[in-house]
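Single-structure report; data block below.
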Amino acid sequence: MTLSPAEKYAQVKRKAAHPKTQSFADSHPFELDSFQIQGCHALEAGHSVLVAAPTGAGKTIVGEFAAHLAIDEGKKCFYTTPIKALSNQKYQDLCDRYGESRVGLLTGDTSFNSEAQIVVMTTEVLRNMIYANSSTLIDLKYVVMDEVHYLADKFRGAVWEEILIHLPESIQLAALSATVSNAEEFGDWLQTVRGETKVIVSEIRPVPLYQHVLFGHKLLDLFVDEGKVNPEILRLEKESSRQIRTRYGGPAHKKKPLLEKGQLTTSVKAMGRGEVIDKLDREGLLPAITFIFSRAACDAAVKQCLAHSIRLTSAEERSEIREVIHQKTHHIPEEDLVILGFHEWVEALERGLAAHHAGLLPAFKETVEELFQRGLVKAVFATETLALGINMPARTVVLEKLSKWNGESHVSVTPGEYTQLTGRAGRRGIDIEGNAVILWNRDIDSASAAGLASTRTYPLKSSFKPTYNMTINLISQFGAERARTSLESSFAQFQADKAVVGLARQIARNERAIGDLDNTYECHLGDFAEYSDLRDQIREIERSADFKSKKTRLRMEEEITELRRAMRAHPCHGCSDRETHARYSERIYRLKRENKGLAERVDTRTNVIAKRFDRVRLILERLGYIEGNAITDSGKLLSKIYGETDLLVAETIRSGDLDTLDPAELVSVLSAFVFEARRDEAPKVPRGDVQDVLAELVHRWGTIYDKEVEVGLEPMREPDLAFCWASHRWASGHSLSAILKGTELTVGDFVRSMKQIIDLLRQISIAAPHLQNTVESALKKIDRGVIAYAGAVV
């Protein structure tokens with residue numbers, strides 16, 4: 001495109017005004033998009049920035065520019081991510097660009113070059129640094145918060161807000177988010193807590209996304225004619241719905257459905273997983289990620305494809321695959337390979353197939369990720385965790401279902417989740433389009449699929465709430481009153497306050513309507529409002545009479561009799577226009593009831609975070625962690641314990657129950673604080689002291705539970721004893737195969753749980769120095785074999 005002289009002049013002027021952005025842009029082999037340039041300009045001008053853009057649009061460029069500025073200015077940049085896998089990936093990317101000497105990594109269990117100019121870390125690490133007033137924060141100028149929309153996460157989201165509230169204002173923030181529908185609201189809040197913050201929103205996908213439905217062997221466009229659902233899909237749905245009904249000819253015991261399992265219509269059969277991959281291959285739609293919301297189903301899908309004799313790789317590609325496998329896994333001891341299913345895993349990879357989920361060994365997941373990025377693995381079956389920022393774009397994303405098990409029940413996939421999942425489709429610079437394919441089945445209808453596919457954004461909602469550890473640390477740093485005030489500036493309270501504004505407006509409108517109605521039913525015989533009040537009292541008593549005891553109902557009936565007597569004696573009872581007046585009175589009554597409900601909702605939202613802080617503080621005062629405005633020695637111990645069960649851990653340390661345990665017993669008891677079984681099962685625990693300590697632990701949790709319920713707090717989760725036996729055996733030197741044999745534990749679950757125990761052991765060694773010798777011995781016993789090499793960054 002030819003630029004006019006005026007446009008050329010404006011372009012030169014912009015470049016001159018932002019020389020650092022220009023030099024950064026010139027270092028890339030591709031031209032930066034408009035939103036990327038705007039984000040870089042904001043940082044160069046000294047502002048913080050929020051960038052909301054679709055998955056795969058390249059918003060991390062703005063984060064990398066923050067690192068570029070830090071290098072240029074001789075300052076530090078922290079690059080935070082929500083998960084360790086993403087931290088490892090970003091660490092490698094930044095090392096490739098700036099060299100290993102300038103880049104560090106901190107992920108809780110991994111520490112490299114922590115005083116480097118650029119340090120990649122998980123968000124929890126930065127939060128802990130802020131509370132500890134770490135010297136590593138000296139010279140920090142930029143903080144990148146990748147996947148900042150993760151602050152909506154129920155379990156870990158509060159960490160993002162803690163950082164955003166308490167990070168010094170002098171530090172510039174680059175917040176990178178998926179496309180959310182309330183980016184401006186989030187930006188307004190950032191402006192209040194971080195100072196000048198530019199909000200940059202891009203809804204343009206760099207690679208257009210097309211939506212399809214696979215109905216049997218027919219791959220159909222979901223939309224035609226500018227957003228209308230394809231009539232062919234509607235016809236097939238109608239045919240299937242009609243044929244699925246039971247045939248009523250013959251005796252009841254011989255009734256059969258027209259359609260059997262796997263049949264979509266009498267003439268169309270659902271495709272198996274191997275057939276689907278074959279179909280995608282023929283249509284030129286590989287590489288593909290198929291999202292299946294079950295680890296076991298992901299593994300089963302790979303086996304089904306192997307049984308279908310799928311081979312998607314050439315001899316040259318298989319040779320490359322074997323090289324990568326060796327590079328990533330050569331350090332794994334031979335005796336562990338069988339239990340890891342190594343040889344079956346290798347066979348699948350050599351054929352271009354893989355599963356990806358949290359149950360895999362980290363080294364296996366990293367291998368799959370690299371092979372997929374290099375185009376050597378062509379079909380991956382993954383759980384939704386893959387959608388969280390990991391750089392694994394595909395040409396096609398396949399969804400088998402539009403519902404998932406959330407741990408309690410089957411729930412529908414939300415528009416936000418659908419956007420995140422399908423956002424993996426379309427590789428920038430490789431594909432001219434991305435494709436999302438929904439496998440039609442009897443549980444899917446075109447209306448729900450179209451609704452998900454056409455909703456591009458979703459709102460960001462805070463999940464912030466003060467914890468015991470957070471409360472102790474804030475009081476320690478700021479004092480109780482300033483700590484309470486700081487929490488009132490959270491995004492959660494910001495959103496609650498905005499809701500209160502709308503509720504207050506409705507209350508005011510209702511009050512005006514009540515005032516207008518008050519003047520419409522004056523009665524010449526007396527005060528009709530007084531008479532109306534008697535009627536309202538009767539109505540309220542009758543409304544609340546259900547489910548009361550017989551004795552209470554009799555008393556209520558006596559009250560109603562007295563009120564009726566007073567009502568009949570009132571002068572207005574004899575008014576000829578009584579019922580006309582009563583209709584206006586009814587409207588006033590309904591408005592007053594509505595206002596009562598609105599006022600209660602306002603009360604629940606006003607100072608909601610501060611009220612929770614007060615309740616948490618009350619528990620801490622009762623248990624001796626706070627005295628007045630001072631933190632006790634027990635409080636200092638709690639300030640160093642992070643996690644969902646922070647108070648229970650601190651109480652157990654204080655009790656002295658851990659003091660007499662040997663290292664293996666200590667590991668077994670600590671597993672109860674971190675482990676969460678995927679299903680209910682009768683726990684097996686070691687005999688002896690461990691049993692007694694665990695029994696006391698459960699009793700202690702019950703005591704805390706009662707106190708929390710009493711003050712109106714959501715109770716802490718119950719300790720889980722299902723990993724006590726496995727962790728004790730590992731700490732006692734047993735092999736991985738012996739421990740996992742006969743259990744439903746996956747290697748990935750085992751490794752992750754042991755890593756969490758290691759993290760808790762390290763916290764305890766700092767919080768309770770008298771346990772340090774036992775802790776160090778425990779760490780040596782469990783940080784071995786599969787656990788030791790799972791932490792390696794390769």
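Residues are referred to by chain and number: the chain letter is A, B, ... according to the order shown in the structure tokens, the number counts from 1 in that chain, and ligands are numbered separately from 1 in the order shown.
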
Legend entry - Non-local contacts of stretch 505-519 of chain A (9 Å; only C-alpha atoms; under 3 positions in same chain excluded) as number ranges by chain: A: 500-502, 522, 529, 584-585, 587-589, 591-592, 594-596, 598-599

Selection export as a compact mmCIF listing (two decimals), in the first residue's frame, atoms kept: all heavy atoms:
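Final output, result39.txt:
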```txt
# COMPACT_ATOMS: atom_id res chain seq x y z
N VAL A 500 -23.42 -2.28 43.77
CA VAL A 500 -24.17 -1.52 44.78
C VAL A 500 -24.75 -0.25 44.17
O VAL A 500 -25.88 0.14 44.48
CB VAL A 500 -23.26 -1.18 45.98
CG1 VAL A 500 -23.88 -0.10 46.86
CG2 VAL A 500 -23.01 -2.44 46.81
N VAL A 501 -24.00 0.39 43.27
CA VAL A 501 -24.49 1.61 42.63
C VAL A 501 -25.80 1.33 41.90
O VAL A 501 -26.78 2.06 42.02
CB VAL A 501 -23.43 2.18 41.65
CG1 VAL A 501 -24.02 3.30 40.82
CG2 VAL A 501 -22.21 2.67 42.42
N GLY A 502 -25.85 0.24 41.13
CA GLY A 502 -27.07 -0.12 40.41
C GLY A 502 -28.21 -0.46 41.35
O GLY A 502 -29.36 -0.06 41.11
N GLU A 522 -55.75 8.74 49.49
CA GLU A 522 -56.22 9.38 50.72
C GLU A 522 -57.67 8.97 50.97
O GLU A 522 -58.51 9.00 50.08
CB GLU A 522 -56.12 10.90 50.61
CG GLU A 522 -54.68 11.41 50.68
CD GLU A 522 -54.62 12.93 50.70
OE1 GLU A 522 -55.69 13.54 50.92
OE2 GLU A 522 -53.53 13.47 50.50
N ALA A 529 -53.00 4.43 55.21
CA ALA A 529 -51.67 3.81 55.34
C ALA A 529 -51.60 2.99 56.61
O ALA A 529 -51.00 1.90 56.65
CB ALA A 529 -50.60 4.89 55.33
N TYR A 584 -53.74 0.24 45.37
CA TYR A 584 -52.55 1.10 45.45
C TYR A 584 -51.65 0.66 46.61
O TYR A 584 -50.42 0.66 46.51
CB TYR A 584 -52.98 2.56 45.65
CG TYR A 584 -53.62 3.16 44.42
CD1 TYR A 584 -54.96 3.54 44.43
CD2 TYR A 584 -52.89 3.37 43.25
CE1 TYR A 584 -55.56 4.10 43.31
CE2 TYR A 584 -53.48 3.93 42.12
CZ TYR A 584 -54.81 4.29 42.16
OH TYR A 584 -55.39 4.83 41.04
N SER A 585 -52.29 0.29 47.72
CA SER A 585 -51.54 -0.17 48.88
C SER A 585 -50.73 -1.43 48.56
O SER A 585 -49.60 -1.59 49.02
CB SER A 585 -52.51 -0.44 50.03
OG SER A 585 -51.86 -1.05 51.12
N ARG A 587 -49.48 -2.26 45.67
CA ARG A 587 -48.31 -1.89 44.87
C ARG A 587 -47.21 -1.32 45.76
O ARG A 587 -46.03 -1.62 45.59
CB ARG A 587 -48.71 -0.88 43.80
CG ARG A 587 -49.58 -1.49 42.70
CD ARG A 587 -50.10 -0.45 41.73
NE ARG A 587 -49.02 0.20 40.99
CZ ARG A 587 -49.22 1.22 40.15
NH1 ARG A 587 -50.44 1.69 39.95
NH2 ARG A 587 -48.20 1.76 39.51
N ILE A 588 -47.62 -0.51 46.74
CA ILE A 588 -46.63 0.03 47.69
C ILE A 588 -45.99 -1.11 48.48
O ILE A 588 -44.77 -1.13 48.71
CB ILE A 588 -47.30 1.05 48.64
CG1 ILE A 588 -47.68 2.32 47.86
CG2 ILE A 588 -46.38 1.40 49.80
CD1 ILE A 588 -48.49 3.31 48.66
N TYR A 589 -46.81 -2.07 48.89
CA TYR A 589 -46.31 -3.22 49.67
C TYR A 589 -45.27 -3.99 48.87
O TYR A 589 -44.19 -4.34 49.39
CB TYR A 589 -47.48 -4.12 50.05
CG TYR A 589 -47.08 -5.46 50.62
CD1 TYR A 589 -46.63 -5.57 51.94
CD2 TYR A 589 -47.16 -6.62 49.85
CE1 TYR A 589 -46.26 -6.79 52.47
CE2 TYR A 589 -46.78 -7.85 50.37
CZ TYR A 589 -46.34 -7.92 51.68
OH TYR A 589 -45.98 -9.14 52.20
N LEU A 591 -43.41 -2.89 46.38
CA LEU A 591 -42.21 -2.07 46.21
C LEU A 591 -41.37 -2.06 47.49
O LEU A 591 -40.13 -2.10 47.44
CB LEU A 591 -42.60 -0.64 45.83
CG LEU A 591 -43.11 -0.45 44.39
CD1 LEU A 591 -43.73 0.93 44.22
CD2 LEU A 591 -41.97 -0.64 43.38
N LYS A 592 -42.05 -2.00 48.64
CA LYS A 592 -41.32 -2.02 49.92
C LYS A 592 -40.62 -3.35 50.13
O LYS A 592 -39.48 -3.40 50.62
CB LYS A 592 -42.29 -1.73 51.07
CG LYS A 592 -42.69 -0.26 51.18
CD LYS A 592 -43.61 -0.03 52.37
CE LYS A 592 -43.92 1.46 52.55
NZ LYS A 592 -44.86 1.70 53.67
N GLU A 594 -39.61 -5.36 47.73
CA GLU A 594 -38.48 -5.38 46.79
C GLU A 594 -37.32 -4.58 47.34
O GLU A 594 -36.16 -5.00 47.28
CB GLU A 594 -38.92 -4.81 45.44
CG GLU A 594 -37.82 -4.86 44.38
CD GLU A 594 -38.24 -4.27 43.05
OE1 GLU A 594 -39.45 -4.27 42.75
OE2 GLU A 594 -37.34 -3.78 42.33
N ASN A 595 -37.60 -3.41 47.90
CA ASN A 595 -36.54 -2.59 48.47
C ASN A 595 -35.85 -3.26 49.65
O ASN A 595 -34.64 -3.12 49.85
CB ASN A 595 -37.09 -1.23 48.91
CG ASN A 595 -37.02 -0.21 47.78
OD1 ASN A 595 -36.67 -0.55 46.66
ND2 ASN A 595 -37.35 1.03 48.07
N LYS A 596 -36.63 -4.01 50.44
CA LYS A 596 -36.04 -4.73 51.57
C LYS A 596 -35.02 -5.75 51.05
O LYS A 596 -33.91 -5.87 51.57
CB LYS A 596 -37.14 -5.44 52.36
CG LYS A 596 -36.62 -6.16 53.61
CD LYS A 596 -37.75 -6.87 54.34
CE LYS A 596 -37.20 -7.65 55.54
NZ LYS A 596 -38.27 -8.42 56.22
N LEU A 598 -33.49 -5.64 48.10
CA LEU A 598 -32.37 -4.90 47.51
C LEU A 598 -31.42 -4.38 48.58
O LEU A 598 -30.19 -4.43 48.42
CB LEU A 598 -32.90 -3.73 46.66
CG LEU A 598 -33.64 -4.09 45.37
CD1 LEU A 598 -34.32 -2.86 44.79
CD2 LEU A 598 -32.70 -4.72 44.36
N ALA A 599 -31.99 -3.90 49.68
CA ALA A 599 -31.15 -3.39 50.78
C ALA A 599 -30.29 -4.50 51.38
O ALA A 599 -29.13 -4.28 51.74
CB ALA A 599 -32.04 -2.76 51.86
```

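With only C-alpha atoms as the atoms that count, the minimum distance from A:Leu740 to the choices A:Arg700, A:Thr414, A:Leu340, A:Arg583 is reached by A:Leu340.
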
Inset, instruction - Fewer than 6 positions away in the same chain doesn't count, so skip those; otherwise give me all residues within 9 Å of stretch 227-239 of chain A, counting only C-alpha atoms, as a list in words. - result: Val213, Phe215, Leu220, Asp221, Leu264, Thr265, Arg442, Asp445, Ser446, Ala447, Ala450 and Ser454 of chain A

Could you write out that same residue set with C-alpha atoms as a compact mmCIF listing (two decimals), in the first residue's frame?
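As written to disk, selection.txt reads:
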```txt
# COMPACT_ATOMS: atom_id res chain seq x y z
CA VAL A 213 -19.75 -29.91 12.98
CA PHE A 215 -22.01 -35.37 11.74
CA LEU A 220 -20.43 -29.42 7.79
CA ASP A 221 -20.00 -25.69 8.32
CA LEU A 264 -26.72 -40.85 14.78
CA THR A 265 -29.47 -41.73 12.30
CA ARG A 442 -27.11 -36.96 20.97
CA ASP A 445 -27.66 -29.52 19.79
CA SER A 446 -26.85 -26.91 17.17
CA ALA A 447 -28.36 -24.07 19.23
CA ALA A 450 -23.86 -21.94 17.87
CA SER A 454 -20.71 -16.94 18.43
```

Legend entry - Interatomic distance (Å, one decimal) between atom CA of A:Leu126 and atom CA of A:Phe78: 8.3 Å

Inset, instruction - Would you list the contacts of stretch 557-564 of chain A as a list in words, taking every protein, DNA or RNA residue within 12 Å and counting only C-alpha atoms, but skipping same-chain residues closer than 6 positions in sequence? - result: Tyr531, Ser532, Asp533, Leu534, Arg535, Asp536, Gln537, Ile538, Arg539, Glu540, Ile541, Glu542, Arg543, Ser544, Ala545, Lys548, Lys550, Lys551, His570 and His573 of chain A

For the residues selected in the previous step, produce a file with C-alpha atoms as a PDB file, in the first residue's frame.
```
ATOM      1  CA  TYR A 531     -55.072   0.450  57.861  1.00  0.00           C
ATOM      2  CA  SER A 532     -52.897  -0.919  55.070  1.00  0.00           C
ATOM      3  CA  ASP A 533     -50.097  -1.602  57.561  1.00  0.00           C
ATOM      4  CA  LEU A 534     -52.439  -3.918  59.519  1.00  0.00           C
ATOM      5  CA  ARG A 535     -53.176  -5.871  56.316  1.00  0.00           C
ATOM      6  CA  ASP A 536     -49.446  -6.099  55.531  1.00  0.00           C
ATOM      7  CA  GLN A 537     -48.679  -7.449  59.016  1.00  0.00           C
ATOM      8  CA  ILE A 538     -51.275 -10.203  58.551  1.00  0.00           C
ATOM      9  CA  ARG A 539     -49.795 -11.077  55.143  1.00  0.00           C
ATOM     10  CA  GLU A 540     -46.242 -11.260  56.522  1.00  0.00           C
ATOM     11  CA  ILE A 541     -47.266 -13.542  59.395  1.00  0.00           C
ATOM     12  CA  GLU A 542     -49.189 -15.848  57.043  1.00  0.00           C
ATOM     13  CA  ARG A 543     -46.218 -15.922  54.678  1.00  0.00           C
ATOM     14  CA  SER A 544     -43.820 -17.060  57.431  1.00  0.00           C
ATOM     15  CA  ALA A 545     -46.140 -19.636  59.018  1.00  0.00           C
ATOM     16  CA  LYS A 548     -43.227 -23.693  61.925  1.00  0.00           C
ATOM     17  CA  LYS A 550     -47.576 -26.458  66.009  1.00  0.00           C
ATOM     18  CA  LYS A 551     -47.071 -24.328  69.129  1.00  0.00           C
ATOM     19  CA  HIS A 570     -60.348   0.788  61.927  1.00  0.00           C
ATOM     20  CA  HIS A 573     -62.620  -0.588  57.009  1.00  0.00           C
TER      21      HIS A 573
END
```

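Non-sequential neighbours of A:Pro206 (distance at most 12 Å, separation of 4 or more positions within a chain, only C-alpha atoms) are Leu32, Asp33, Ser34, Phe35, Ala53, Pro54, Thr55, Gly56, Ala57, Gly58, Lys59, Ser202, Gly423, Arg424, Ala425, Gly426, Arg427, Arg428, Gly429, Ile430, Asp431, Ile432, Glu433 and Gly434 of chain A.
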
Restricting the output to N, CA, C and O atoms, write the selected residues as a short mmCIF file (atom, residue, chain, number, x, y, z; two decimals), in the first residue's frame.
```
data_model
loop_
_atom_site.label_atom_id
_atom_site.label_comp_id
_atom_site.auth_asym_id
_atom_site.auth_seq_id
_atom_site.Cartn_x
_atom_site.Cartn_y
_atom_site.Cartn_z
N LEU A 32 5.11 -5.86 13.52
CA LEU A 32 4.24 -5.91 14.69
C LEU A 32 2.84 -5.40 14.35
O LEU A 32 2.69 -4.49 13.53
N ASP A 33 1.84 -5.98 15.00
CA ASP A 33 0.46 -5.54 14.82
C ASP A 33 0.23 -4.22 15.54
O ASP A 33 0.99 -3.84 16.46
N SER A 34 -0.85 -3.56 15.19
CA SER A 34 -1.16 -2.25 15.76
C SER A 34 -1.29 -2.31 17.28
O SER A 34 -0.75 -1.46 17.99
N PHE A 35 -1.99 -3.33 17.80
CA PHE A 35 -2.19 -3.39 19.25
C PHE A 35 -0.88 -3.66 19.98
O PHE A 35 -0.67 -3.19 21.11
N ALA A 53 -6.36 -9.57 24.25
CA ALA A 53 -6.37 -9.99 22.84
C ALA A 53 -6.63 -11.49 22.76
O ALA A 53 -6.39 -12.22 23.73
N PRO A 54 -7.13 -11.97 21.62
CA PRO A 54 -7.44 -13.40 21.49
C PRO A 54 -6.21 -14.28 21.65
O PRO A 54 -5.07 -13.84 21.45
N THR A 55 -6.44 -15.53 22.03
CA THR A 55 -5.36 -16.52 22.12
C THR A 55 -4.64 -16.60 20.78
O THR A 55 -5.27 -16.68 19.73
N GLY A 56 -3.31 -16.58 20.83
CA GLY A 56 -2.52 -16.70 19.60
C GLY A 56 -2.31 -15.40 18.85
O GLY A 56 -1.67 -15.38 17.81
N ALA A 57 -2.86 -14.28 19.40
CA ALA A 57 -2.72 -13.00 18.69
C ALA A 57 -1.33 -12.40 18.85
O ALA A 57 -0.95 -11.51 18.10
N GLY A 58 -0.56 -12.86 19.86
CA GLY A 58 0.79 -12.36 20.03
C GLY A 58 0.92 -11.28 21.08
O GLY A 58 1.81 -10.42 21.00
N LYS A 59 0.07 -11.32 22.13
CA LYS A 59 0.15 -10.28 23.17
C LYS A 59 1.43 -10.39 24.01
O LYS A 59 1.85 -9.42 24.63
N SER A 202 -7.86 -5.82 21.56
CA SER A 202 -7.93 -6.26 20.16
C SER A 202 -8.80 -7.50 20.08
O SER A 202 -8.61 -8.45 20.85
N GLY A 423 -9.26 -21.30 20.73
CA GLY A 423 -8.22 -20.32 20.42
C GLY A 423 -6.91 -20.94 20.02
O GLY A 423 -6.04 -20.28 19.43
N ARG A 424 -6.73 -22.24 20.30
CA ARG A 424 -5.51 -22.95 19.89
C ARG A 424 -5.46 -23.19 18.37
O ARG A 424 -4.42 -23.56 17.83
N ALA A 425 -6.62 -23.02 17.69
CA ALA A 425 -6.69 -23.36 16.26
C ALA A 425 -6.17 -22.22 15.39
O ALA A 425 -6.60 -21.07 15.52
N GLY A 426 -5.26 -22.55 14.51
CA GLY A 426 -4.73 -21.57 13.57
C GLY A 426 -3.34 -21.11 13.96
O GLY A 426 -3.17 -20.39 14.93
N ARG A 427 -2.31 -21.58 13.23
CA ARG A 427 -0.91 -21.24 13.55
C ARG A 427 -0.49 -20.02 12.74
O ARG A 427 -0.45 -20.06 11.51
N ARG A 428 -0.16 -18.97 13.45
CA ARG A 428 0.20 -17.71 12.79
C ARG A 428 1.44 -17.91 11.93
O ARG A 428 2.43 -18.48 12.37
N GLY A 429 1.36 -17.44 10.71
CA GLY A 429 2.49 -17.56 9.80
C GLY A 429 2.57 -18.90 9.10
O GLY A 429 3.43 -19.11 8.24
N ILE A 430 1.66 -19.83 9.48
CA ILE A 430 1.67 -21.17 8.86
C ILE A 430 0.32 -21.45 8.20
O ILE A 430 0.25 -21.85 7.04
N ASP A 431 -0.78 -21.21 8.96
CA ASP A 431 -2.12 -21.50 8.47
C ASP A 431 -2.81 -20.23 8.00
O ASP A 431 -2.67 -19.16 8.62
N ILE A 432 -3.59 -20.34 6.94
CA ILE A 432 -4.39 -19.19 6.51
C ILE A 432 -5.71 -19.15 7.26
O ILE A 432 -6.43 -18.14 7.23
N GLU A 433 -6.06 -20.25 7.93
CA GLU A 433 -7.28 -20.29 8.72
C GLU A 433 -7.15 -21.35 9.80
O GLU A 433 -6.36 -22.29 9.68
N GLY A 434 -7.91 -21.19 10.89
CA GLY A 434 -8.01 -22.20 11.92
C GLY A 434 -9.39 -22.83 11.87
O GLY A 434 -10.34 -22.23 11.37
#
```

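With only C-alpha atoms as the atoms that count, the residue of A:Glu644, A:Glu384, A:Glu115, A:Glu400 with the shortest distance to A:Trp440 is A:Glu400.
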
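Distances from A:Val148, A:Ile739, A:Ala42, A:Leu658 to A:Thr81 were compared using only C-alpha atoms, and the smallest one belongs to A:Val148.
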
Legend entry - strand (DSSP E or B) call set, DSSP backbone run, stretch 316-454 of chain A, as a PyMOL selection string: chain A and resi 353-356+379-382+394+396-399+403-405+410-412+425+434-439

Selection above as a file: N, CA, C and O atoms, as a CSV table (one decimal), in the first residue's frame:
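Saved file part03.csv follows:
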```csv
chain,number,residue,atom,x,y,z
A,353,LEU,N,1.2,-39.5,17.3
A,353,LEU,CA,0.1,-39.5,18.2
A,353,LEU,C,0.6,-39.2,19.7
A,353,LEU,O,1.6,-39.7,20.1
A,354,ALA,N,-0.2,-38.5,20.5
A,354,ALA,CA,0.2,-38.4,21.9
A,354,ALA,C,-1.0,-37.9,22.7
A,354,ALA,O,-2.0,-37.3,22.2
A,355,ALA,N,-1.0,-38.2,24.0
A,355,ALA,CA,-1.9,-37.6,25.0
A,355,ALA,C,-1.2,-36.5,25.7
A,355,ALA,O,0.1,-36.5,25.8
A,356,HIS,N,-1.9,-35.6,26.3
A,356,HIS,CA,-1.3,-34.5,27.1
A,356,HIS,C,-2.3,-34.1,28.2
A,356,HIS,O,-3.4,-33.6,28.0
A,379,ALA,N,-1.4,-35.4,16.0
A,379,ALA,CA,-2.7,-35.5,16.7
A,379,ALA,C,-2.5,-35.7,18.2
A,379,ALA,O,-1.8,-36.7,18.6
A,380,VAL,N,-2.9,-34.7,19.0
A,380,VAL,CA,-2.8,-34.8,20.4
A,380,VAL,C,-4.2,-34.8,21.0
A,380,VAL,O,-5.1,-34.1,20.6
A,381,PHE,N,-4.4,-35.7,22.0
A,381,PHE,CA,-5.6,-35.8,22.8
A,381,PHE,C,-5.3,-35.2,24.2
A,381,PHE,O,-4.5,-35.7,24.9
A,382,ALA,N,-6.0,-34.1,24.5
A,382,ALA,CA,-5.6,-33.3,25.7
A,382,ALA,C,-6.8,-32.9,26.5
A,382,ALA,O,-7.9,-32.8,26.1
A,394,ALA,N,-2.5,-25.4,16.9
A,394,ALA,CA,-2.8,-26.4,15.9
A,394,ALA,C,-3.5,-25.8,14.7
A,394,ALA,O,-4.1,-24.7,14.7
A,396,THR,N,-6.2,-27.4,13.7
A,396,THR,CA,-7.6,-27.7,14.0
A,396,THR,C,-7.8,-28.1,15.5
A,396,THR,O,-6.9,-28.7,16.1
A,397,VAL,N,-8.9,-27.7,16.1
A,397,VAL,CA,-9.2,-28.1,17.4
A,397,VAL,C,-10.5,-28.8,17.4
A,397,VAL,O,-11.5,-28.4,16.7
A,398,VAL,N,-10.5,-30.0,18.0
A,398,VAL,CA,-11.7,-30.9,18.0
A,398,VAL,C,-12.3,-31.0,19.4
A,398,VAL,O,-11.5,-31.1,20.4
A,399,LEU,N,-13.6,-30.8,19.6
A,399,LEU,CA,-14.3,-31.0,20.8
A,399,LEU,C,-15.2,-32.2,20.8
A,399,LEU,O,-16.2,-32.2,19.9
A,403,SER,N,-19.7,-30.5,27.4
A,403,SER,CA,-19.9,-30.6,28.9
A,403,SER,C,-18.8,-31.3,29.5
A,403,SER,O,-18.0,-32.0,28.8
A,404,LYS,N,-18.6,-31.0,30.8
A,404,LYS,CA,-17.4,-31.7,31.5
A,404,LYS,C,-17.8,-31.9,33.0
A,404,LYS,O,-18.7,-31.3,33.5
A,405,TRP,N,-17.0,-32.8,33.6
A,405,TRP,CA,-17.1,-33.0,35.0
A,405,TRP,C,-16.3,-32.1,35.8
A,405,TRP,O,-15.1,-32.0,35.6
A,410,HIS,N,-21.7,-32.8,36.2
A,410,HIS,CA,-21.4,-32.4,34.8
A,410,HIS,C,-22.0,-31.1,34.5
A,410,HIS,O,-23.2,-30.8,34.8
A,411,VAL,N,-21.2,-30.2,34.0
A,411,VAL,CA,-21.6,-28.8,33.7
A,411,VAL,C,-21.3,-28.5,32.3
A,411,VAL,O,-20.4,-29.1,31.7
A,412,SER,N,-22.0,-27.6,31.7
A,412,SER,CA,-21.7,-27.2,30.3
A,412,SER,C,-20.5,-26.3,30.2
A,412,SER,O,-20.1,-25.6,31.1
A,425,ALA,N,-6.6,-23.0,17.7
A,425,ALA,CA,-6.7,-23.4,16.3
A,425,ALA,C,-6.2,-22.2,15.4
A,425,ALA,O,-6.6,-21.1,15.5
A,434,GLY,N,-7.9,-21.2,10.9
A,434,GLY,CA,-8.0,-22.2,11.9
A,434,GLY,C,-9.4,-22.8,11.9
A,434,GLY,O,-10.3,-22.2,11.4
A,435,ASN,N,-9.5,-24.0,12.4
A,435,ASN,CA,-10.8,-24.7,12.3
A,435,ASN,C,-11.1,-25.3,13.7
A,435,ASN,O,-10.3,-25.9,14.4
A,436,ALA,N,-12.4,-25.1,14.1
A,436,ALA,CA,-12.9,-25.7,15.3
A,436,ALA,C,-14.0,-26.8,14.8
A,436,ALA,O,-14.9,-26.4,14.1
A,437,VAL,N,-13.8,-28.0,15.3
A,437,VAL,CA,-14.7,-29.1,14.9
A,437,VAL,C,-15.4,-29.7,16.1
A,437,VAL,O,-14.8,-30.1,17.0
A,438,ILE,N,-16.8,-29.6,16.1
A,438,ILE,CA,-17.5,-30.2,17.2
A,438,ILE,C,-18.0,-31.6,16.7
A,438,ILE,O,-18.6,-31.6,15.6
A,439,LEU,N,-17.8,-32.7,17.4
A,439,LEU,CA,-18.3,-34.0,17.0
A,439,LEU,C,-19.7,-34.1,17.5
A,439,LEU,O,-20.0,-34.1,18.7
```

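Taking atom CA of A:Arg654 and atom CA of A:Val693 as endpoints, the distance between them is 12.9 Å.
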
Inset, instruction - Fewer than 3 positions away in the same chain doesn't count, so skip those; otherwise give me all residues within 12 Å of A:Leu623, counting only C-alpha atoms, as a ChimeraX atom specification. - result: /A:468,616-620,626-627,631-632,634-635,638,647-648,650-651,654,703-704,707-708

Inset, instruction - Quick one: everything within 10 Å of stretch 300-306 of chain A, counting only C-alpha atoms, minus sequence neighbours fewer than 3 positions away in the same chain. Send it as a VMD selection string. - result: chain A and resid 272 to 278 290 292 294 to 297 309 to 311 344 to 345 347 to 349 351 353 to 355 379 to 382
